[in-house]
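Visitor: So here's run17.tsv, just TSV, N, CA and C atoms:
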chain	number	residue	atom	x	y	z
C	1	MET	N	-204.98	-86.15	105.02
C	1	MET	CA	-204.97	-86.28	103.57
C	1	MET	C	-203.74	-87.09	103.15
C	2	TYR	N	-203.93	-88.04	102.25
C	2	TYR	CA	-202.85	-88.90	101.78
C	2	TYR	C	-201.95	-88.12	100.83
C	3	LYS	N	-200.65	-88.17	101.09
C	3	LYS	CA	-199.68	-87.50	100.25
C	3	LYS	C	-199.09	-88.52	99.27
C	4	LEU	N	-199.14	-88.22	97.99
C	4	LEU	CA	-198.56	-89.12	97.00
C	4	LEU	C	-197.04	-89.08	97.12
C	5	PRO	N	-196.41	-90.23	96.93
C	5	PRO	CA	-194.96	-90.28	97.10
C	5	PRO	C	-194.19	-89.57	96.00
C	6	ARG	N	-193.02	-89.10	96.40
C	6	ARG	CA	-192.05	-88.52	95.47
C	6	ARG	C	-191.03	-89.63	95.19
C	7	ILE	N	-190.83	-89.93	93.91
C	7	ILE	CA	-189.99	-91.07	93.53
C	7	ILE	C	-188.85	-90.62	92.64
C	8	LEU	N	-187.65	-91.10	92.97
C	8	LEU	CA	-186.49	-90.91	92.12
C	8	LEU	C	-186.14	-92.26	91.52
C	9	LEU	N	-186.15	-92.35	90.19
C	9	LEU	CA	-185.79	-93.57	89.47
C	9	LEU	C	-184.43	-93.37	88.82
C	10	ILE	N	-183.53	-94.32	89.04
C	10	ILE	CA	-182.23	-94.31	88.36
C	10	ILE	C	-182.12	-95.60	87.57
C	11	ASP	N	-182.15	-95.46	86.24
C	11	ASP	CA	-182.09	-96.62	85.36
C	11	ASP	C	-181.60	-96.14	83.99
C	12	ASP	N	-180.68	-96.88	83.39
C	12	ASP	CA	-180.09	-96.46	82.11
C	12	ASP	C	-180.88	-96.91	80.89
C	13	ASP	N	-181.88	-97.76	81.04
C	13	ASP	CA	-182.65	-98.31	79.93
C	13	ASP	C	-183.76	-97.31	79.53
C	14	ARG	N	-183.63	-96.73	78.34
C	14	ARG	CA	-184.57	-95.69	77.89
C	14	ARG	C	-186.00	-96.22	77.73
C	15	ASP	N	-186.15	-97.46	77.24
C	15	ASP	CA	-187.49	-98.04	77.12
C	15	ASP	C	-188.13	-98.21	78.48
C	16	TYR	N	-187.35	-98.66	79.44
C	16	TYR	CA	-187.86	-98.84	80.80
C	16	TYR	C	-188.20	-97.48	81.43
C	17	GLN	N	-187.36	-96.47	81.16
C	17	GLN	CA	-187.66	-95.12	81.65
C	17	GLN	C	-189.01	-94.65	81.12
C	18	ALA	N	-189.27	-94.88	79.84
C	18	ALA	CA	-190.54	-94.46	79.23
C	18	ALA	C	-191.72	-95.18	79.87
C	19	LEU	N	-191.57	-96.48	80.09
C	19	LEU	CA	-192.62	-97.26	80.75
C	19	LEU	C	-192.89	-96.72	82.15
C	20	MET	N	-191.83	-96.47	82.89
C	20	MET	CA	-191.99	-95.98	84.27
C	20	MET	C	-192.55	-94.56	84.30
C	21	LYS	N	-192.15	-93.74	83.35
C	21	LYS	CA	-192.68	-92.38	83.29
C	21	LYS	C	-194.20	-92.41	83.09
C	22	ALA	N	-194.66	-93.25	82.18
C	22	ALA	CA	-196.11	-93.38	81.94
C	22	ALA	C	-196.81	-93.91	83.19
C	23	PHE	N	-196.21	-94.90	83.84
C	23	PHE	CA	-196.79	-95.47	85.06
C	23	PHE	C	-196.85	-94.42	86.17
C	24	PHE	N	-195.76	-93.69	86.38
C	24	PHE	CA	-195.73	-92.67	87.43
C	24	PHE	C	-196.78	-91.59	87.17
C	25	LYS	N	-196.92	-91.17	85.92
C	25	LYS	CA	-197.93	-90.16	85.58
C	25	LYS	C	-199.33	-90.69	85.84
C	26	GLN	N	-199.58	-91.94	85.45
C	26	GLN	CA	-200.90	-92.55	85.67
C	26	GLN	C	-201.23	-92.60	87.16
C	27	GLN	N	-200.24	-92.86	87.99
C	27	GLN	CA	-200.42	-92.95	89.43
C	27	GLN	C	-200.41	-91.58	90.12
C	28	ASN	N	-200.11	-90.53	89.36
C	28	ASN	CA	-200.00	-89.16	89.88
C	28	ASN	C	-198.85	-88.99	90.87
C	29	TYR	N	-197.80	-89.82	90.73
C	29	TYR	CA	-196.62	-89.67	91.57
C	29	TYR	C	-195.82	-88.47	91.07
C	30	GLU	N	-195.17	-87.80	92.00
C	30	GLU	CA	-194.19	-86.79	91.64
C	30	GLU	C	-192.89	-87.56	91.44
C	31	PHE	N	-192.16	-87.32	90.35
C	31	PHE	CA	-191.00	-88.15	90.08
C	31	PHE	C	-189.92	-87.42	89.30
C	32	VAL	N	-188.72	-87.96	89.42
C	32	VAL	CA	-187.56	-87.55	88.62
C	32	VAL	C	-186.93	-88.84	88.13
C	33	ILE	N	-186.49	-88.83	86.87
C	33	ILE	CA	-185.81	-90.00	86.30
C	33	ILE	C	-184.40	-89.59	85.90
C	34	LEU	N	-183.43	-90.33	86.39
C	34	LEU	CA	-182.03	-90.14	85.99
C	34	LEU	C	-181.62	-91.34	85.14
C	35	GLY	N	-180.88	-91.10	84.06
C	35	GLY	CA	-180.43	-92.15	83.17
C	35	GLY	C	-179.15	-92.82	83.62
C	36	GLY	N	-178.60	-92.38	84.73
C	36	GLY	CA	-177.38	-92.96	85.28
C	36	GLY	C	-177.18	-92.46	86.69
C	37	ALA	N	-176.18	-92.98	87.33
C	37	ALA	CA	-175.97	-92.70	88.75
C	37	ALA	C	-175.26	-91.37	89.02
C	38	ALA	N	-174.63	-90.79	88.01
C	38	ALA	CA	-173.94	-89.52	88.21
C	38	ALA	C	-174.94	-88.47	88.69
C	39	GLY	N	-174.61	-87.81	89.75
C	39	GLY	CA	-175.49	-86.77	90.29
C	39	GLY	C	-176.61	-87.28	91.18
C	40	ALA	N	-176.61	-88.58	91.47
C	40	ALA	CA	-177.70	-89.16	92.26
C	40	ALA	C	-177.82	-88.54	93.64
C	41	LEU	N	-176.71	-88.40	94.34
C	41	LEU	CA	-176.77	-87.86	95.71
C	41	LEU	C	-177.27	-86.42	95.71
C	42	GLU	N	-176.81	-85.63	94.74
C	42	GLU	CA	-177.26	-84.24	94.65
C	42	GLU	C	-178.76	-84.19	94.36
C	43	GLU	N	-179.23	-85.07	93.49
C	43	GLU	CA	-180.66	-85.11	93.16
C	43	GLU	C	-181.48	-85.53	94.38
C	44	ILE	N	-180.99	-86.48	95.15
C	44	ILE	CA	-181.69	-86.91	96.36
C	44	ILE	C	-181.78	-85.74	97.34
C	45	ARG	N	-180.70	-85.02	97.50
C	45	ARG	CA	-180.70	-83.88	98.43
C	45	ARG	C	-181.65	-82.78	97.99
C	46	SER	N	-181.74	-82.52	96.68
C	46	SER	CA	-182.59	-81.42	96.22
C	46	SER	C	-184.05	-81.85	96.05
C	47	PHE	N	-184.30	-83.04	95.53
C	47	PHE	CA	-185.67	-83.50	95.26
C	47	PHE	C	-186.34	-84.07	96.51
C	48	LYS	N	-185.54	-84.63	97.41
C	48	LYS	CA	-186.04	-85.23	98.65
C	48	LYS	C	-187.12	-86.29	98.39
C	49	PRO	N	-186.74	-87.36	97.67
C	49	PRO	CA	-187.73	-88.40	97.36
C	49	PRO	C	-188.14	-89.19	98.60
C	50	ASP	N	-189.33	-89.77	98.50
C	50	ASP	CA	-189.81	-90.69	99.54
C	50	ASP	C	-189.35	-92.11	99.24
C	51	LEU	N	-188.93	-92.35	97.99
C	51	LEU	CA	-188.50	-93.68	97.56
C	51	LEU	C	-187.49	-93.53	96.43
C	52	LEU	N	-186.42	-94.32	96.50
C	52	LEU	CA	-185.44	-94.40	95.43
C	52	LEU	C	-185.62	-95.75	94.76
C	53	ILE	N	-185.87	-95.73	93.45
C	53	ILE	CA	-185.95	-96.97	92.67
C	53	ILE	C	-184.68	-97.02	91.82
C	54	LEU	N	-184.02	-98.16	91.89
C	54	LEU	CA	-182.65	-98.25	91.39
C	54	LEU	C	-182.45	-99.54	90.60
C	55	ASP	N	-181.74	-99.43	89.48
C	55	ASP	CA	-181.31	-100.60	88.73
C	55	ASP	C	-179.93	-101.00	89.25
C	56	ILE	N	-179.59	-102.26	89.18
C	56	ILE	CA	-178.27	-102.73	89.63
C	56	ILE	C	-177.24	-102.61	88.51
C	57	MET	N	-177.58	-103.13	87.34
C	57	MET	CA	-176.63	-103.20	86.24
C	57	MET	C	-176.72	-101.94	85.38
C	58	MET	N	-175.80	-100.99	85.64
C	58	MET	CA	-175.72	-99.78	84.84
C	58	MET	C	-174.26	-99.55	84.48
C	59	PRO	N	-174.01	-98.97	83.32
C	59	PRO	CA	-172.61	-98.68	82.96
C	59	PRO	C	-172.03	-97.61	83.87
C	60	GLY	N	-170.76	-97.72	84.12
C	60	GLY	CA	-170.11	-96.74	84.99
C	60	GLY	C	-170.37	-97.06	86.45
C	61	ILE	N	-171.20	-96.28	87.08
C	61	ILE	CA	-171.50	-96.45	88.50
C	61	ILE	C	-172.68	-97.41	88.63
C	62	THR	N	-172.48	-98.51	89.32
C	62	THR	CA	-173.53	-99.52	89.46
C	62	THR	C	-174.54	-99.13	90.54
C	63	GLY	N	-175.65	-99.81	90.52
C	63	GLY	CA	-176.66	-99.60	91.55
C	63	GLY	C	-176.15	-99.93	92.94
C	64	ALA	N	-175.28	-100.93	93.05
C	64	ALA	CA	-174.71	-101.29	94.36
C	64	ALA	C	-173.88	-100.14	94.91
C	65	THR	N	-173.14	-99.48	94.04
C	65	THR	CA	-172.33	-98.33	94.46
C	65	THR	C	-173.23	-97.19	94.92
C	66	VAL	N	-174.31	-96.96	94.17
C	66	VAL	CA	-175.26	-95.91	94.56
C	66	VAL	C	-175.88	-96.24	95.91
C	67	TYR	N	-176.30	-97.49	96.09
C	67	TYR	CA	-176.89	-97.91	97.36
C	67	TYR	C	-175.95	-97.60	98.52
C	68	LYS	N	-174.70	-98.00	98.41
C	68	LYS	CA	-173.72	-97.77	99.48
C	68	LYS	C	-173.51	-96.29	99.74
C	69	ALA	N	-173.43	-95.49	98.67
C	69	ALA	CA	-173.25	-94.04	98.82
C	69	ALA	C	-174.45	-93.40	99.49
C	70	VAL	N	-175.65	-93.83	99.12
C	70	VAL	CA	-176.86	-93.28	99.73
C	70	VAL	C	-176.89	-93.60	101.22
C	71	ARG	N	-176.61	-94.83	101.57
C	71	ARG	CA	-176.63	-95.20	102.98
C	71	ARG	C	-175.56	-94.44	103.77
C	72	LYS	N	-174.40	-94.21	103.18
C	72	LYS	CA	-173.33	-93.49	103.86
C	72	LYS	C	-173.60	-91.99	103.95
C	73	GLU	N	-174.05	-91.39	102.85
C	73	GLU	CA	-174.19	-89.93	102.78
C	73	GLU	C	-175.58	-89.41	103.16
C	74	ILE	N	-176.61	-90.17	102.86
C	74	ILE	CA	-178.00	-89.72	103.08
C	74	ILE	C	-178.57	-90.33	104.36
C	75	GLY	N	-178.23	-91.58	104.61
C	75	GLY	CA	-178.72	-92.25	105.81
C	75	GLY	C	-179.52	-93.50	105.48
C	76	SER	N	-180.00	-94.13	106.53
C	76	SER	CA	-180.65	-95.42	106.38
C	76	SER	C	-182.18	-95.34	106.26
C	77	ALA	N	-182.75	-94.16	106.38
C	77	ALA	CA	-184.21	-94.06	106.41
C	77	ALA	C	-184.87	-93.98	105.03
C	78	LEU	N	-184.10	-93.66	103.98
C	78	LEU	CA	-184.69	-93.56	102.64
C	78	LEU	C	-184.95	-94.96	102.10
C	79	PRO	N	-186.22	-95.31	101.84
C	79	PRO	CA	-186.51	-96.62	101.26
C	79	PRO	C	-185.93	-96.74	99.86
C	80	ILE	N	-185.35	-97.91	99.57
C	80	ILE	CA	-184.76	-98.17	98.26
C	80	ILE	C	-185.36	-99.45	97.70
C	81	LEU	N	-185.87	-99.35	96.48
C	81	LEU	CA	-186.42	-100.49	95.77
C	81	LEU	C	-185.52	-100.77	94.58
C	82	ILE	N	-184.91	-101.94	94.55
C	82	ILE	CA	-184.08	-102.33	93.43
C	82	ILE	C	-184.93	-103.15	92.47
C	83	ILE	N	-185.00	-102.68	91.23
C	83	ILE	CA	-185.71	-103.40	90.19
C	83	ILE	C	-184.67	-103.74	89.12
C	84	SER	N	-184.43	-105.02	88.94
C	84	SER	CA	-183.36	-105.43	88.04
C	84	SER	C	-183.77	-106.65	87.24
C	85	GLY	N	-183.17	-106.79	86.09
C	85	GLY	CA	-183.39	-107.96	85.25
C	85	GLY	C	-182.50	-109.12	85.62
C	86	THR	N	-181.66	-108.93	86.63
C	86	THR	CA	-180.76	-109.99	87.07
C	86	THR	C	-181.19	-110.50	88.44
C	87	GLU	N	-180.60	-111.61	88.83
C	87	GLU	CA	-180.84	-112.17	90.17
C	87	GLU	C	-179.87	-111.60	91.19
C	88	ILE	N	-179.03	-110.66	90.77
C	88	ILE	CA	-178.01	-110.11	91.66
C	88	ILE	C	-178.66	-109.41	92.85
C	89	ARG	N	-178.17	-109.75	94.01
C	89	ARG	CA	-178.60	-109.10	95.25
C	89	ARG	C	-177.37	-108.51	95.92
C	90	LEU	N	-177.58	-107.49	96.73
C	90	LEU	CA	-176.47	-106.94	97.50
C	90	LEU	C	-176.08	-107.95	98.57
C	91	ARG	N	-174.80	-108.24	98.64
C	91	ARG	CA	-174.32	-109.24	99.59
C	91	ARG	C	-174.26	-108.70	101.01
C	92	ASP	N	-174.62	-109.56	101.93
C	92	ASP	CA	-174.50	-109.27	103.37
C	92	ASP	C	-175.19	-107.98	103.78
C	93	VAL	N	-176.30	-107.67	103.15
C	93	VAL	CA	-177.04	-106.45	103.49
C	93	VAL	C	-178.31	-106.83	104.24
C	94	GLN	N	-178.39	-106.40	105.48
C	94	GLN	CA	-179.60	-106.54	106.29
C	94	GLN	C	-180.19	-105.14	106.42
C	95	ASP	N	-181.15	-104.81	105.59
C	95	ASP	CA	-181.68	-103.46	105.52
C	95	ASP	C	-183.20	-103.54	105.41
C	96	PRO	N	-183.92	-103.13	106.46
C	96	PRO	CA	-185.38	-103.20	106.41
C	96	PRO	C	-186.01	-102.23	105.40
C	97	PHE	N	-185.22	-101.27	104.92
C	97	PHE	CA	-185.73	-100.29	103.96
C	97	PHE	C	-185.27	-100.59	102.53
C	98	LEU	N	-184.93	-101.86	102.27
C	98	LEU	CA	-184.49	-102.30	100.95
C	98	LEU	C	-185.35	-103.46	100.49
C	99	LYS	N	-185.90	-103.32	99.29
C	99	LYS	CA	-186.71	-104.38	98.69
C	99	LYS	C	-186.24	-104.61	97.26
C	100	TYR	N	-186.59	-105.79	96.72
C	100	TYR	CA	-186.23	-106.16	95.36
C	100	TYR	C	-187.47	-106.57	94.56
C	101	LEU	N	-187.48	-106.19	93.29
C	101	LEU	CA	-188.44	-106.71	92.32
C	101	LEU	C	-187.65	-107.06	91.05
C	102	ARG	N	-188.19	-107.97	90.27
C	102	ARG	CA	-187.50	-108.45	89.07
C	102	ARG	C	-188.15	-107.84	87.83
C	103	LYS	N	-187.32	-107.41	86.88
C	103	LYS	CA	-187.81	-106.96	85.57
C	103	LYS	C	-188.12	-108.19	84.73
C	104	PRO	N	-189.14	-108.16	83.91
C	104	PRO	CA	-190.12	-107.08	83.78
C	104	PRO	C	-191.06	-107.07	84.99
C	105	VAL	N	-191.26	-105.91	85.53
C	105	VAL	CA	-192.04	-105.78	86.75
C	105	VAL	C	-193.53	-105.71	86.43
C	106	ASP	N	-194.31	-106.40	87.23
C	106	ASP	CA	-195.77	-106.32	87.15
C	106	ASP	C	-196.17	-104.97	87.78
C	107	LEU	N	-196.85	-104.13	87.02
C	107	LEU	CA	-197.16	-102.78	87.49
C	107	LEU	C	-198.12	-102.77	88.68
C	108	ASP	N	-199.01	-103.74	88.78
C	108	ASP	CA	-199.88	-103.83	89.97
C	108	ASP	C	-199.04	-104.14	91.21
C	109	ILE	N	-198.11	-105.06	91.08
C	109	ILE	CA	-197.22	-105.39	92.20
C	109	ILE	C	-196.34	-104.18	92.54
C	110	LEU	N	-195.87	-103.49	91.52
C	110	LEU	CA	-195.05	-102.30	91.76
C	110	LEU	C	-195.83	-101.25	92.53
C	111	ALA	N	-197.08	-100.99	92.13
C	111	ALA	CA	-197.90	-99.99	92.82
C	111	ALA	C	-198.10	-100.37	94.29
C	112	LYS	N	-198.38	-101.65	94.54
C	112	LYS	CA	-198.55	-102.11	95.93
C	112	LYS	C	-197.26	-102.00	96.72
C	113	THR	N	-196.13	-102.32	96.07
C	113	THR	CA	-194.84	-102.23	96.75
C	113	THR	C	-194.51	-100.78	97.09
C	114	ILE	N	-194.74	-99.87	96.15
C	114	ILE	CA	-194.51	-98.45	96.41
C	114	ILE	C	-195.38	-97.98	97.56
C	115	ASP	N	-196.64	-98.39	97.56
C	115	ASP	CA	-197.56	-98.00	98.62
C	115	ASP	C	-197.06	-98.49	99.99
C	116	LYS	N	-196.56	-99.72	100.04
C	116	LYS	CA	-196.06	-100.26	101.31
C	116	LYS	C	-194.78	-99.59	101.77
C	117	MET	N	-193.93	-99.20	100.81
C	117	MET	CA	-192.62	-98.64	101.15
C	117	MET	C	-192.66	-97.15	101.48
C	118	THR	N	-193.73	-96.48	101.07
C	118	THR	CA	-193.79	-95.04	101.32
C	118	THR	C	-194.84	-94.76	102.32
Represent the supplied structure as structure tokens.
Guide:
Amino acid sequence: MYKLPRILLIDDDRDYQALMKAFFKQQNYEFVILGGAAGALEEIRSFKPDLLILDIMMPGITGATVYKAVRKEIGSALPILIISGTEIRLRDVQDPFLKYLRKPVDLDILAKTIDKMT
């Protein structure tokens, strides 16, 4: 039986959170949305997501900082999808479990990407 993925989204944009919440519900994904990076590691440990979706440009703790902390504290096996409105990429990162999509994201492409990553 196919298990639907558990997704943790970290993004500070409330409109984008609402869009993603509706999309996740439509897809029947189990999900948690955080409006910032504070508490991200604790949420990952308790929720145990199959995929972390992360914005790069956030006030305070950036997505790059979260990425580095996750890889150091959680490990390299958790797939991470960065969805950002910028062209910024993590420098010198060779990570087979890291993918990028650009905002505004096409929801069909997002669904296919989530399916491939989980």
Visitor: May I have the protein, DNA and RNA residues with an atom at most 8 Å from (-197.3, -99.1, 89.0), counting all atoms listed in the file in the file's coordinates, returned as a count of residues only?
Guide: 15
Visitor: For each of C:Gly36, C:Ile80, C:Glu73, C:Pro5, take the minimum atom-to-atom distance to C:Pro59, counting only N, CA and C atoms, then give the residue where this is smallest.
Guide: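 Smallest separation from C:Pro59 among the options: C:Gly36.
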Visitor: Per DSSP on the backbone, what are the strand (DSSP E or B) residues of chain C, as a ChimeraX atom specification?
Guide: /C:6-10,30-34,51-54,80-84,98-102
Visitor: Select, from C:Glu43, C:Asp13, C:Glu87, C:Asp115, the residue with the minimum atom-to-atom distance to C:Phe31, counting only C-alpha atoms.
Guide: C:Glu43
Visitor: With all atoms listed in the file as the atoms that count, which of C:Val93, C:Ile33, C:Lys103, C:Leu81 lies nearest to C:Lys21?
Guide: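 Of C:Val93, C:Ile33, C:Lys103, C:Leu81, the one nearest C:Lys21, counting all atoms listed in the file, is C:Ile33.
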Visitor: Tell me, which residues of chain C carry DSSP helix (DSSP H, G or I), written as number ranges by chain?
Guide: C: 14-27, 40-47, 63-73, 107-117
Visitor: For a quick check of understanding, using only C-alpha atoms, which of C:Asp50, C:Glu42, C:Asp55, C:Glu30 has the smallest distance to C:Asp12?
Guide: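 Closest to C:Asp12 of all the choices is C:Asp55.
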Visitor: Just the number, please: distance in Å from atom CA of C:Arg71 to atom CA of C:Ile56, one decimal.
Guide: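 One can read the atom CA of C:Arg71 to atom CA of C:Ile56 distance as 15.4 Å.
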Visitor: Which of these residues is nearest to C:Thr118, using only C-alpha atoms: C:Ala37, C:Ala64, C:Ile83, C:Leu98?
Guide: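 Closest residue, counting only C-alpha atoms: C:Leu98.
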Visitor: To one decimal in Å, tell me the separation between atom N of C:Ala18 and atom N of C:Lys116.
Guide: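 Computed distance, atom N of C:Ala18 to atom N of C:Lys116, equals 22.0 Å.
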Visitor: In terms of the shortest atom-to-atom distance over only N, CA and C atoms, which of C:Ala40, C:Met117, C:Leu90, C:Leu8 is closest to C:Val66?
Guide: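 Among the listed residues, the smallest separation from C:Val66 belongs to C:Ala40.
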Visitor: Pick out the residues sitting within 8 Å of C:Gly35, and hand them over as an MDAnalysis selection string; count only N, CA and C atoms, and ignore anything fewer than 4 positions along from it in its own chain.
Guide: chainID C and resid 9:14 17 58
Visitor: Those same residues, written as a JSON list (two decimals), in the coordinates of the input with N, CA and C atoms?
Guide:
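See selection06.json below for the written result:
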[["chain", "number", "residue", "atom", "x", "y", "z"],
["C", 9, "LEU", "N", -186.15, -92.35, 90.19],
["C", 9, "LEU", "CA", -185.79, -93.57, 89.47],
["C", 9, "LEU", "C", -184.43, -93.37, 88.82],
["C", 10, "ILE", "N", -183.53, -94.32, 89.04],
["C", 10, "ILE", "CA", -182.23, -94.31, 88.36],
["C", 10, "ILE", "C", -182.12, -95.60, 87.57],
["C", 11, "ASP", "N", -182.15, -95.46, 86.24],
["C", 11, "ASP", "CA", -182.09, -96.62, 85.36],
["C", 11, "ASP", "C", -181.60, -96.14, 83.99],
["C", 12, "ASP", "N", -180.68, -96.88, 83.39],
["C", 12, "ASP", "CA", -180.09, -96.46, 82.11],
["C", 12, "ASP", "C", -180.88, -96.91, 80.89],
["C", 13, "ASP", "N", -181.88, -97.76, 81.04],
["C", 13, "ASP", "CA", -182.65, -98.31, 79.93],
["C", 13, "ASP", "C", -183.76, -97.31, 79.53],
["C", 14, "ARG", "N", -183.63, -96.73, 78.34],
["C", 14, "ARG", "CA", -184.57, -95.69, 77.89],
["C", 14, "ARG", "C", -186.00, -96.22, 77.73],
["C", 17, "GLN", "N", -187.36, -96.47, 81.16],
["C", 17, "GLN", "CA", -187.66, -95.12, 81.65],
["C", 17, "GLN", "C", -189.01, -94.65, 81.12],
["C", 58, "MET", "N", -175.80, -100.99, 85.64],
["C", 58, "MET", "CA", -175.72, -99.78, 84.84],
["C", 58, "MET", "C", -174.26, -99.55, 84.48]]
Visitor: At most 10 Å from (-180.7, -85.5, 99.6), file frame, only C-alpha atoms: which residues, as a ChimeraX atom specification?
Guide: /C:40-49,70,73-75,78
Visitor: Could you work out how far atom C of C:Ser76 lies from atom N of C:Phe97, giving the answer in Å with one decimal?
Guide: 6.8 Å
